[in-house]
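*Asks:* Have a look at the structure that comes next, please.
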Amino acid sequence: MSCYKRYFTLAGGLLSFMCLVGVPSLALAGDKVTICHIPTHGKTSPRTLKLPAHVAQRILQSHPNDFSGECGGTKFVIVAVSGTLEEGFPLRPNLDFLTEVNEGNPEVRAIFLGHALVRGVRAFLDIKDSNSREFKATPFNPINPALVASGNNNDANISSLYLVDRRQAARALLNEPRYLSMTPDLAKVDIHAEETDPAVRALILQAIEETPLLEPKNTNQATLLQVISTWKSCHFEPCPVLYTKPGSDGARVTDFPNSLAAFAGVTDALRTSNPAAYNAAVETAVRAKLALPPSEAGSDGCIDNPSTFPNPVAPDTVIRYAVDKNTKRMNEAYRPCQFQEFAARAGLNIQVEQCPN
């Protein structure tokens with residue numbers, strides 16, 4: 001049987017081009033790898049193929065439009081969140097793509113990647129007044145965070161990073177009340193801060209290494225898609241600062257789980273060990289804040305506006321938002337296997353369920 005007929009029989013004619021690149025017929029034995037072959041000529045549609053690993057590798061090298069994994073499917077983006085979208089909070093499922101499962105689309109769960117210290121954002125607690133849509137006259141009155149760009153490099157918040165189906169990224173905010181948006185190059189990740197998890201640091205540094213940035217590459221900062229509040233409301237309560245970093249750094253660090261617990265006079269550990277007591281403490285703190293007259297609550301004469309932050313005064317410094325030609329923007333849309341392979345190059349074993357390899 002000729003080389004062409006052999007591959008035509010085994011793969012519907014789509015693998016005949018392997019004869020042209022010198023792949024012997026015995027290469028079909030062994031472990032199989034799934035790839036998507038995208039024809040370069042004619043009207044043939046992309047096809048998902050299962051091939052021996054070394055054959056698949058040769059095809060991927062010879063056909064730059066082909067990729068590992070199945071044709072079609074979803075792509076992921078990295079999203080940074082702070083608040084009730086984080087692990088253990090009620091709105092965490094909003095990051096999962098579930099809304100169209102009954103229409104035949106498989107669910108895609110978000111993957112927690114780790115934490116990162118984000119500079120230039122000041123964290124607030126949204127104490128909803130009685131006119132707010134989410135306000136409840138009886139417990140439990142929800143409380144949510146809001147990160148506002150302060151322009152101050154010493155304002156820093158610990159965000160949680162997730163790999164999210166890109167179809168779900170915008171939907172996660174559709175039912176949120178706090179003027180929320182997502183920005184791709186405002187949140188500056190402090191890559192080497194101790195609050196940035198090693199796994200997140202490894203991913204970002206690997207992305208920087210693989211990106212053709214202007215030398216010298218900035219290996220201290222990167223930006224990514226961060227949920228941010230576009231407005232500063234009069235009923236925002238400043239998040240308690242957990243600590244100020246020592247020395248010349250001077251960053252005032254907040255973190256929604258622990259800052260909310262501090263606001264309620266408890267610890268975050270109570271949230272899982274005794275949820276009823278935790279919720280009661282938060283509710284009490286919220287009600288006490290709502291009961292204050294405007295003069296004591298700090299809202300007397302307040303007008304909602306985009307920003308009311310003064311210019312930083314030494315030793316605080318101004319932060320520059322967006323990126324220059326030396327700084328990485330983590331705004332890629334990753335195919336499932338593409339991200340899994342990227343993580344492997346960073347020395348991480350992150351399994352993406354939608355990757356068949």
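Each chain of the structure tokens is named A, B, ... in the order shown, its residues numbered from 1; ligands are numbered from 1 in display order.
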Identify, on the basis of only C-alpha atoms, every residue whose closest approach to Asp190 in chain A does not exceed 7 Å; exclude the query and any residue fewer than 3 positions from it along the same chain; express the result as JSON, numbers by chain.

*Replies:* {"A": [117, 118, 119, 193, 220, 221]}

*Asks:* I need the residues from that last selection saved to file as a PDB file, in the first residue's frame (with all heavy atoms), if you can.

*Replies:*
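Final file, part-v1.pdb:
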ATOM      1  N   LEU A 117       0.234  40.671  44.668  1.00  0.00           N
ATOM      2  CA  LEU A 117       0.118  42.002  45.247  1.00  0.00           C
ATOM      3  C   LEU A 117      -0.007  43.005  44.102  1.00  0.00           C
ATOM      4  O   LEU A 117       0.871  43.094  43.244  1.00  0.00           O
ATOM      5  CB  LEU A 117       1.339  42.332  46.111  1.00  0.00           C
ATOM      6  CG  LEU A 117       1.238  43.667  46.865  1.00  0.00           C
ATOM      7  CD1 LEU A 117       0.182  43.593  47.960  1.00  0.00           C
ATOM      8  CD2 LEU A 117       2.582  44.064  47.459  1.00  0.00           C
ATOM      9  N   VAL A 118      -1.106  43.739  44.113  1.00  0.00           N
ATOM     10  CA  VAL A 118      -1.387  44.730  43.068  1.00  0.00           C
ATOM     11  C   VAL A 118      -1.252  46.118  43.680  1.00  0.00           C
ATOM     12  O   VAL A 118      -1.890  46.431  44.695  1.00  0.00           O
ATOM     13  CB  VAL A 118      -2.801  44.525  42.485  1.00  0.00           C
ATOM     14  CG1 VAL A 118      -3.122  45.624  41.474  1.00  0.00           C
ATOM     15  CG2 VAL A 118      -2.897  43.149  41.832  1.00  0.00           C
ATOM     16  N   ARG A 119      -0.440  46.960  43.066  1.00  0.00           N
ATOM     17  CA  ARG A 119      -0.176  48.304  43.584  1.00  0.00           C
ATOM     18  C   ARG A 119      -0.989  49.355  42.829  1.00  0.00           C
ATOM     19  O   ARG A 119      -1.390  49.158  41.688  1.00  0.00           O
ATOM     20  CB  ARG A 119       1.308  48.631  43.487  1.00  0.00           C
ATOM     21  CG  ARG A 119       2.183  47.853  44.484  1.00  0.00           C
ATOM     22  CD  ARG A 119       3.639  48.267  44.341  1.00  0.00           C
ATOM     23  NE  ARG A 119       4.487  47.639  45.335  1.00  0.00           N
ATOM     24  CZ  ARG A 119       4.819  48.190  46.496  1.00  0.00           C
ATOM     25  NH1 ARG A 119       4.353  49.375  46.838  1.00  0.00           N
ATOM     26  NH2 ARG A 119       5.626  47.560  47.340  1.00  0.00           N
ATOM     27  N   ALA A 193       7.074  40.718  45.248  1.00  0.00           N
ATOM     28  CA  ALA A 193       6.552  40.924  46.600  1.00  0.00           C
ATOM     29  C   ALA A 193       6.305  39.575  47.270  1.00  0.00           C
ATOM     30  O   ALA A 193       5.916  38.604  46.607  1.00  0.00           O
ATOM     31  CB  ALA A 193       5.268  41.736  46.556  1.00  0.00           C
ATOM     32  N   ASN A 220      10.036  43.270  37.188  1.00  0.00           N
ATOM     33  CA  ASN A 220       9.503  43.623  38.503  1.00  0.00           C
ATOM     34  C   ASN A 220       8.003  43.861  38.496  1.00  0.00           C
ATOM     35  O   ASN A 220       7.345  43.731  39.536  1.00  0.00           O
ATOM     36  CB  ASN A 220      10.207  44.887  39.024  1.00  0.00           C
ATOM     37  CG  ASN A 220      11.690  44.682  39.258  1.00  0.00           C
ATOM     38  OD1 ASN A 220      12.090  43.681  39.850  1.00  0.00           O
ATOM     39  ND2 ASN A 220      12.503  45.603  38.772  1.00  0.00           N
ATOM     40  N   GLN A 221       7.452  44.213  37.344  1.00  0.00           N
ATOM     41  CA  GLN A 221       6.029  44.523  37.240  1.00  0.00           C
ATOM     42  C   GLN A 221       5.438  43.912  35.975  1.00  0.00           C
ATOM     43  O   GLN A 221       6.128  43.711  34.978  1.00  0.00           O
ATOM     44  CB  GLN A 221       5.804  46.039  37.188  1.00  0.00           C
ATOM     45  CG  GLN A 221       6.189  46.796  38.438  1.00  0.00           C
ATOM     46  CD  GLN A 221       6.015  48.293  38.238  1.00  0.00           C
ATOM     47  OE1 GLN A 221       6.343  48.838  37.187  1.00  0.00           O
ATOM     48  NE2 GLN A 221       5.494  48.958  39.254  1.00  0.00           N
TER      49      GLN A 221
END

*Asks:* Using Å and a single decimal, report how far CA of Phe89 in chain A sits from CA of Lys289 in chain A.

*Replies:*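 Computed distance, CA of Lys289 in chain A to CA of Phe89 in chain A, equals 21.9 Å.
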
*Asks:* Would you please give, as a PDB file with N, CA, C and O atoms, in the first residue's frame, all residues of range 191-241 of chain A that DSSP assigns to alpha helix (DSSP H) based on the backbone?

*Replies:*
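Wrote out12.pdb, looks like this:
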ATOM      1  N   PRO A 198       4.501  32.112  44.682  1.00  0.00           N
ATOM      2  CA  PRO A 198       5.557  31.635  43.778  1.00  0.00           C
ATOM      3  C   PRO A 198       5.035  31.149  42.430  1.00  0.00           C
ATOM      4  O   PRO A 198       5.678  31.366  41.403  1.00  0.00           O
ATOM      5  N   ALA A 199       3.877  30.474  42.420  1.00  0.00           N
ATOM      6  CA  ALA A 199       3.327  29.977  41.154  1.00  0.00           C
ATOM      7  C   ALA A 199       2.961  31.123  40.227  1.00  0.00           C
ATOM      8  O   ALA A 199       3.219  31.070  39.013  1.00  0.00           O
ATOM      9  N   VAL A 200       2.357  32.172  40.777  1.00  0.00           N
ATOM     10  CA  VAL A 200       2.007  33.334  39.968  1.00  0.00           C
ATOM     11  C   VAL A 200       3.281  34.017  39.460  1.00  0.00           C
ATOM     12  O   VAL A 200       3.367  34.427  38.299  1.00  0.00           O
ATOM     13  N   ARG A 201       4.261  34.136  40.337  1.00  0.00           N
ATOM     14  CA  ARG A 201       5.530  34.743  39.943  1.00  0.00           C
ATOM     15  C   ARG A 201       6.163  33.965  38.778  1.00  0.00           C
ATOM     16  O   ARG A 201       6.643  34.558  37.807  1.00  0.00           O
ATOM     17  N   ALA A 202       6.142  32.627  38.881  1.00  0.00           N
ATOM     18  CA  ALA A 202       6.738  31.798  37.834  1.00  0.00           C
ATOM     19  C   ALA A 202       6.011  31.981  36.506  1.00  0.00           C
ATOM     20  O   ALA A 202       6.646  32.070  35.442  1.00  0.00           O
ATOM     21  N   LEU A 203       4.684  32.034  36.538  1.00  0.00           N
ATOM     22  CA  LEU A 203       3.912  32.218  35.307  1.00  0.00           C
ATOM     23  C   LEU A 203       4.233  33.553  34.644  1.00  0.00           C
ATOM     24  O   LEU A 203       4.455  33.624  33.426  1.00  0.00           O
ATOM     25  N   ILE A 204       4.263  34.614  35.446  1.00  0.00           N
ATOM     26  CA  ILE A 204       4.500  35.942  34.879  1.00  0.00           C
ATOM     27  C   ILE A 204       5.911  36.057  34.317  1.00  0.00           C
ATOM     28  O   ILE A 204       6.121  36.577  33.216  1.00  0.00           O
ATOM     29  N   LEU A 205       6.894  35.554  35.063  1.00  0.00           N
ATOM     30  CA  LEU A 205       8.273  35.639  34.580  1.00  0.00           C
ATOM     31  C   LEU A 205       8.467  34.810  33.312  1.00  0.00           C
ATOM     32  O   LEU A 205       9.226  35.205  32.411  1.00  0.00           O
ATOM     33  N   GLN A 206       7.774  33.669  33.222  1.00  0.00           N
ATOM     34  CA  GLN A 206       7.856  32.867  32.002  1.00  0.00           C
ATOM     35  C   GLN A 206       7.250  33.628  30.826  1.00  0.00           C
ATOM     36  O   GLN A 206       7.789  33.626  29.717  1.00  0.00           O
ATOM     37  N   ALA A 207       6.106  34.292  31.071  1.00  0.00           N
ATOM     38  CA  ALA A 207       5.470  35.075  30.012  1.00  0.00           C
ATOM     39  C   ALA A 207       6.365  36.216  29.560  1.00  0.00           C
ATOM     40  O   ALA A 207       6.455  36.518  28.365  1.00  0.00           O
ATOM     41  N   ILE A 208       7.030  36.852  30.510  1.00  0.00           N
ATOM     42  CA  ILE A 208       7.954  37.936  30.161  1.00  0.00           C
ATOM     43  C   ILE A 208       9.100  37.404  29.300  1.00  0.00           C
ATOM     44  O   ILE A 208       9.480  38.013  28.297  1.00  0.00           O
ATOM     45  N   GLU A 209       9.632  36.243  29.692  1.00  0.00           N
ATOM     46  CA  GLU A 209      10.744  35.656  28.942  1.00  0.00           C
ATOM     47  C   GLU A 209      10.342  35.345  27.508  1.00  0.00           C
ATOM     48  O   GLU A 209      11.143  35.505  26.572  1.00  0.00           O
ATOM     49  N   GLU A 210       9.085  34.925  27.306  1.00  0.00           N
ATOM     50  CA  GLU A 210       8.639  34.504  25.984  1.00  0.00           C
ATOM     51  C   GLU A 210       8.091  35.646  25.137  1.00  0.00           C
ATOM     52  O   GLU A 210       7.737  35.436  23.973  1.00  0.00           O
TER      53      GLU A 210
END

*Asks:* Measure the distance from CA of Leu163 in chain A to CA of Val77 in chain A in Å and round it to one decimal.

*Replies:*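 So the two atoms, CA of Leu163 in chain A and CA of Val77 in chain A, lie 5.7 Å apart.
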
*Asks:* So which bits of range 160-192 of chain A end up strand (DSSP E or B) when you DSSP the backbone, as an mmCIF file with C-alpha atoms, in the first residue's frame?

*Replies:*
data_model
loop_
_atom_site.group_PDB
_atom_site.id
_atom_site.type_symbol
_atom_site.label_atom_id
_atom_site.label_comp_id
_atom_site.auth_asym_id
_atom_site.auth_seq_id
_atom_site.Cartn_x
_atom_site.Cartn_y
_atom_site.Cartn_z
ATOM 1 C CA SER A 160 -6.722 36.375 43.554
ATOM 2 C CA LEU A 161 -5.877 35.275 40.029
ATOM 3 C CA TYR A 162 -8.062 32.888 38.036
ATOM 4 C CA LEU A 163 -7.962 31.270 34.632
ATOM 5 C CA VAL A 164 -11.465 32.047 33.335
ATOM 6 C CA ASP A 165 -13.342 31.028 30.213
ATOM 7 C CA LEU A 180 -17.357 47.460 38.131
ATOM 8 C CA SER A 181 -15.301 46.992 35.012
ATOM 9 C CA MET A 182 -12.175 45.112 33.971
ATOM 10 C CA THR A 183 -9.015 46.871 32.872
ATOM 11 C CA PRO A 184 -6.104 45.162 31.080
ATOM 12 C CA ASP A 185 -3.245 47.468 32.058
ATOM 13 C CA LEU A 186 -4.102 49.359 35.237
ATOM 14 C CA ALA A 187 -3.333 46.774 37.907
ATOM 15 C CA LYS A 188 0.424 46.640 38.427
ATOM 16 C CA VAL A 189 1.494 43.294 39.875
ATOM 17 C CA ASP A 190 4.499 43.518 42.193
#

*Asks:* Find the residues around Ala281 in chain A up to 8 Å (only C-alpha atoms counted), leave out those fewer than 3 positions away in its own chain, and share them as a list in words.

*Replies:*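 Result of the neighbour search: Ala264, Gly265, Val266, Ala277, Tyr278, Thr284 and Ala285 of chain A.
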
*Asks:* Interatomic distance between CA of Ile35 in chain A and CA of Tyr334 in chain A?

*Replies:*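 Between CA of Ile35 in chain A and CA of Tyr334 in chain A the gap works out to 15.1 Å.
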
*Asks:* Pick the closest to Arg58 in chain A from A:Val33, A:Ile78, A:Asn105, A:Asn279: which is it, counting only C-alpha atoms?

*Replies:* A:Val33

*Asks:* Restricting the calculation to only C-alpha atoms, which member of A:Ala291, A:Leu224, A:Ala172, A:Ala56 is positioned closest to Pro93 in chain A?

*Replies:*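 Distance minimum relative to Pro93 in chain A lands on A:Ala172.
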
*Asks:* Skip range 81-84 of chain A itself and residues of its chain fewer than 4 positions away, then list as a ChimeraX atom specification all residues within 9 Å of it, counting only C-alpha atoms.

*Replies:* /A:88-92,123,143-147,157-162,225-228,255-257

*Asks:* Create the file for the chosen residues now, containing N, CA and C atoms and written as a PDB file, in the first residue's frame.

*Replies:*
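Now in part_0.pdb:
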ATOM      1  N   GLY A  88     -14.257  30.512  48.547  1.00  0.00           N
ATOM      2  CA  GLY A  88     -14.961  30.456  49.813  1.00  0.00           C
ATOM      3  C   GLY A  88     -16.037  31.498  49.993  1.00  0.00           C
ATOM      4  N   PHE A  89     -16.260  32.369  48.986  1.00  0.00           N
ATOM      5  CA  PHE A  89     -17.295  33.403  49.090  1.00  0.00           C
ATOM      6  C   PHE A  89     -18.442  33.098  48.133  1.00  0.00           C
ATOM      7  N   PRO A  90     -19.629  33.662  48.416  1.00  0.00           N
ATOM      8  CA  PRO A  90     -20.849  33.256  47.694  1.00  0.00           C
ATOM      9  C   PRO A  90     -20.810  33.443  46.188  1.00  0.00           C
ATOM     10  N   LEU A  91     -20.105  34.452  45.686  1.00  0.00           N
ATOM     11  CA  LEU A  91     -20.152  34.735  44.253  1.00  0.00           C
ATOM     12  C   LEU A  91     -19.032  34.060  43.468  1.00  0.00           C
ATOM     13  N   ARG A  92     -18.240  33.216  44.129  1.00  0.00           N
ATOM     14  CA  ARG A  92     -17.172  32.515  43.420  1.00  0.00           C
ATOM     15  C   ARG A  92     -17.675  31.779  42.178  1.00  0.00           C
ATOM     16  N   ALA A 123      -8.485  49.726  48.450  1.00  0.00           N
ATOM     17  CA  ALA A 123      -9.623  48.838  48.650  1.00  0.00           C
ATOM     18  C   ALA A 123     -10.654  49.464  49.582  1.00  0.00           C
ATOM     19  N   ILE A 143     -22.029  42.438  51.774  1.00  0.00           N
ATOM     20  CA  ILE A 143     -21.002  43.469  51.719  1.00  0.00           C
ATOM     21  C   ILE A 143     -19.955  43.019  50.710  1.00  0.00           C
ATOM     22  N   ASN A 144     -19.558  43.929  49.859  1.00  0.00           N
ATOM     23  CA  ASN A 144     -18.648  43.596  48.777  1.00  0.00           C
ATOM     24  C   ASN A 144     -17.501  44.585  48.733  1.00  0.00           C
ATOM     25  N   PRO A 145     -16.470  44.245  47.985  1.00  0.00           N
ATOM     26  CA  PRO A 145     -15.314  45.139  47.907  1.00  0.00           C
ATOM     27  C   PRO A 145     -15.393  46.051  46.697  1.00  0.00           C
ATOM     28  N   ALA A 146     -14.547  47.027  46.683  1.00  0.00           N
ATOM     29  CA  ALA A 146     -14.350  47.857  45.499  1.00  0.00           C
ATOM     30  C   ALA A 146     -12.909  48.321  45.495  1.00  0.00           C
ATOM     31  N   LEU A 147     -12.206  48.042  44.415  1.00  0.00           N
ATOM     32  CA  LEU A 147     -10.849  48.548  44.238  1.00  0.00           C
ATOM     33  C   LEU A 147     -10.922  49.788  43.356  1.00  0.00           C
ATOM     34  N   ASN A 157      -3.116  45.960  47.231  1.00  0.00           N
ATOM     35  CA  ASN A 157      -4.124  44.969  47.612  1.00  0.00           C
ATOM     36  C   ASN A 157      -3.724  43.602  47.086  1.00  0.00           C
ATOM     37  N   ILE A 158      -4.018  42.562  47.872  1.00  0.00           N
ATOM     38  CA  ILE A 158      -3.749  41.195  47.451  1.00  0.00           C
ATOM     39  C   ILE A 158      -4.950  40.687  46.663  1.00  0.00           C
ATOM     40  N   SER A 159      -4.753  40.439  45.381  1.00  0.00           N
ATOM     41  CA  SER A 159      -5.819  39.938  44.514  1.00  0.00           C
ATOM     42  C   SER A 159      -5.647  38.447  44.269  1.00  0.00           C
ATOM     43  N   SER A 160      -6.754  37.786  43.940  1.00  0.00           N
ATOM     44  CA  SER A 160      -6.722  36.375  43.554  1.00  0.00           C
ATOM     45  C   SER A 160      -6.789  36.273  42.037  1.00  0.00           C
ATOM     46  N   LEU A 161      -5.933  35.431  41.473  1.00  0.00           N
ATOM     47  CA  LEU A 161      -5.877  35.275  40.029  1.00  0.00           C
ATOM     48  C   LEU A 161      -6.536  33.967  39.607  1.00  0.00           C
ATOM     49  N   TYR A 162      -7.352  34.047  38.554  1.00  0.00           N
ATOM     50  CA  TYR A 162      -8.062  32.888  38.036  1.00  0.00           C
ATOM     51  C   TYR A 162      -7.877  32.782  36.533  1.00  0.00           C
ATOM     52  N   LEU A 225      -5.622  41.563  33.577  1.00  0.00           N
ATOM     53  CA  LEU A 225      -7.029  41.947  33.621  1.00  0.00           C
ATOM     54  C   LEU A 225      -7.514  41.932  35.066  1.00  0.00           C
ATOM     55  N   GLN A 226      -7.846  43.100  35.606  1.00  0.00           N
ATOM     56  CA  GLN A 226      -8.241  43.243  37.012  1.00  0.00           C
ATOM     57  C   GLN A 226      -9.646  43.832  37.093  1.00  0.00           C
ATOM     58  N   VAL A 227     -10.467  43.233  37.949  1.00  0.00           N
ATOM     59  CA  VAL A 227     -11.772  43.830  38.240  1.00  0.00           C
ATOM     60  C   VAL A 227     -11.538  45.099  39.053  1.00  0.00           C
ATOM     61  N   ILE A 228     -12.068  46.213  38.578  1.00  0.00           N
ATOM     62  CA  ILE A 228     -11.814  47.519  39.186  1.00  0.00           C
ATOM     63  C   ILE A 228     -13.107  48.299  39.270  1.00  0.00           C
ATOM     64  N   ASP A 255      -6.460  43.096  51.983  1.00  0.00           N
ATOM     65  CA  ASP A 255      -6.807  41.783  51.430  1.00  0.00           C
ATOM     66  C   ASP A 255      -8.249  41.531  51.835  1.00  0.00           C
ATOM     67  N   PHE A 256      -9.158  41.381  50.877  1.00  0.00           N
ATOM     68  CA  PHE A 256     -10.577  41.353  51.208  1.00  0.00           C
ATOM     69  C   PHE A 256     -10.933  40.380  52.328  1.00  0.00           C
ATOM     70  N   PRO A 257     -10.563  39.100  52.271  1.00  0.00           N
ATOM     71  CA  PRO A 257     -10.979  38.196  53.351  1.00  0.00           C
ATOM     72  C   PRO A 257     -10.547  38.666  54.730  1.00  0.00           C
TER      73      PRO A 257
END

*Asks:* Between A:Asn357, A:Phe124, A:Arg287, A:His235, which residue has the minimum interatomic distance to Ala53 in chain A, considering only C-alpha atoms?

*Replies:*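 Counting only C-alpha atoms, the residue closest to Ala53 in chain A is A:Asn357.
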
*Asks:* Find, counting only C-alpha atoms, the residue in A:Lys50, A:Arg252, A:His115, A:Lys217 that gets nearest to Ser68 in chain A.

*Replies:*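 Checking each candidate against Ser68 in chain A, we get A:Lys50 as the closest.
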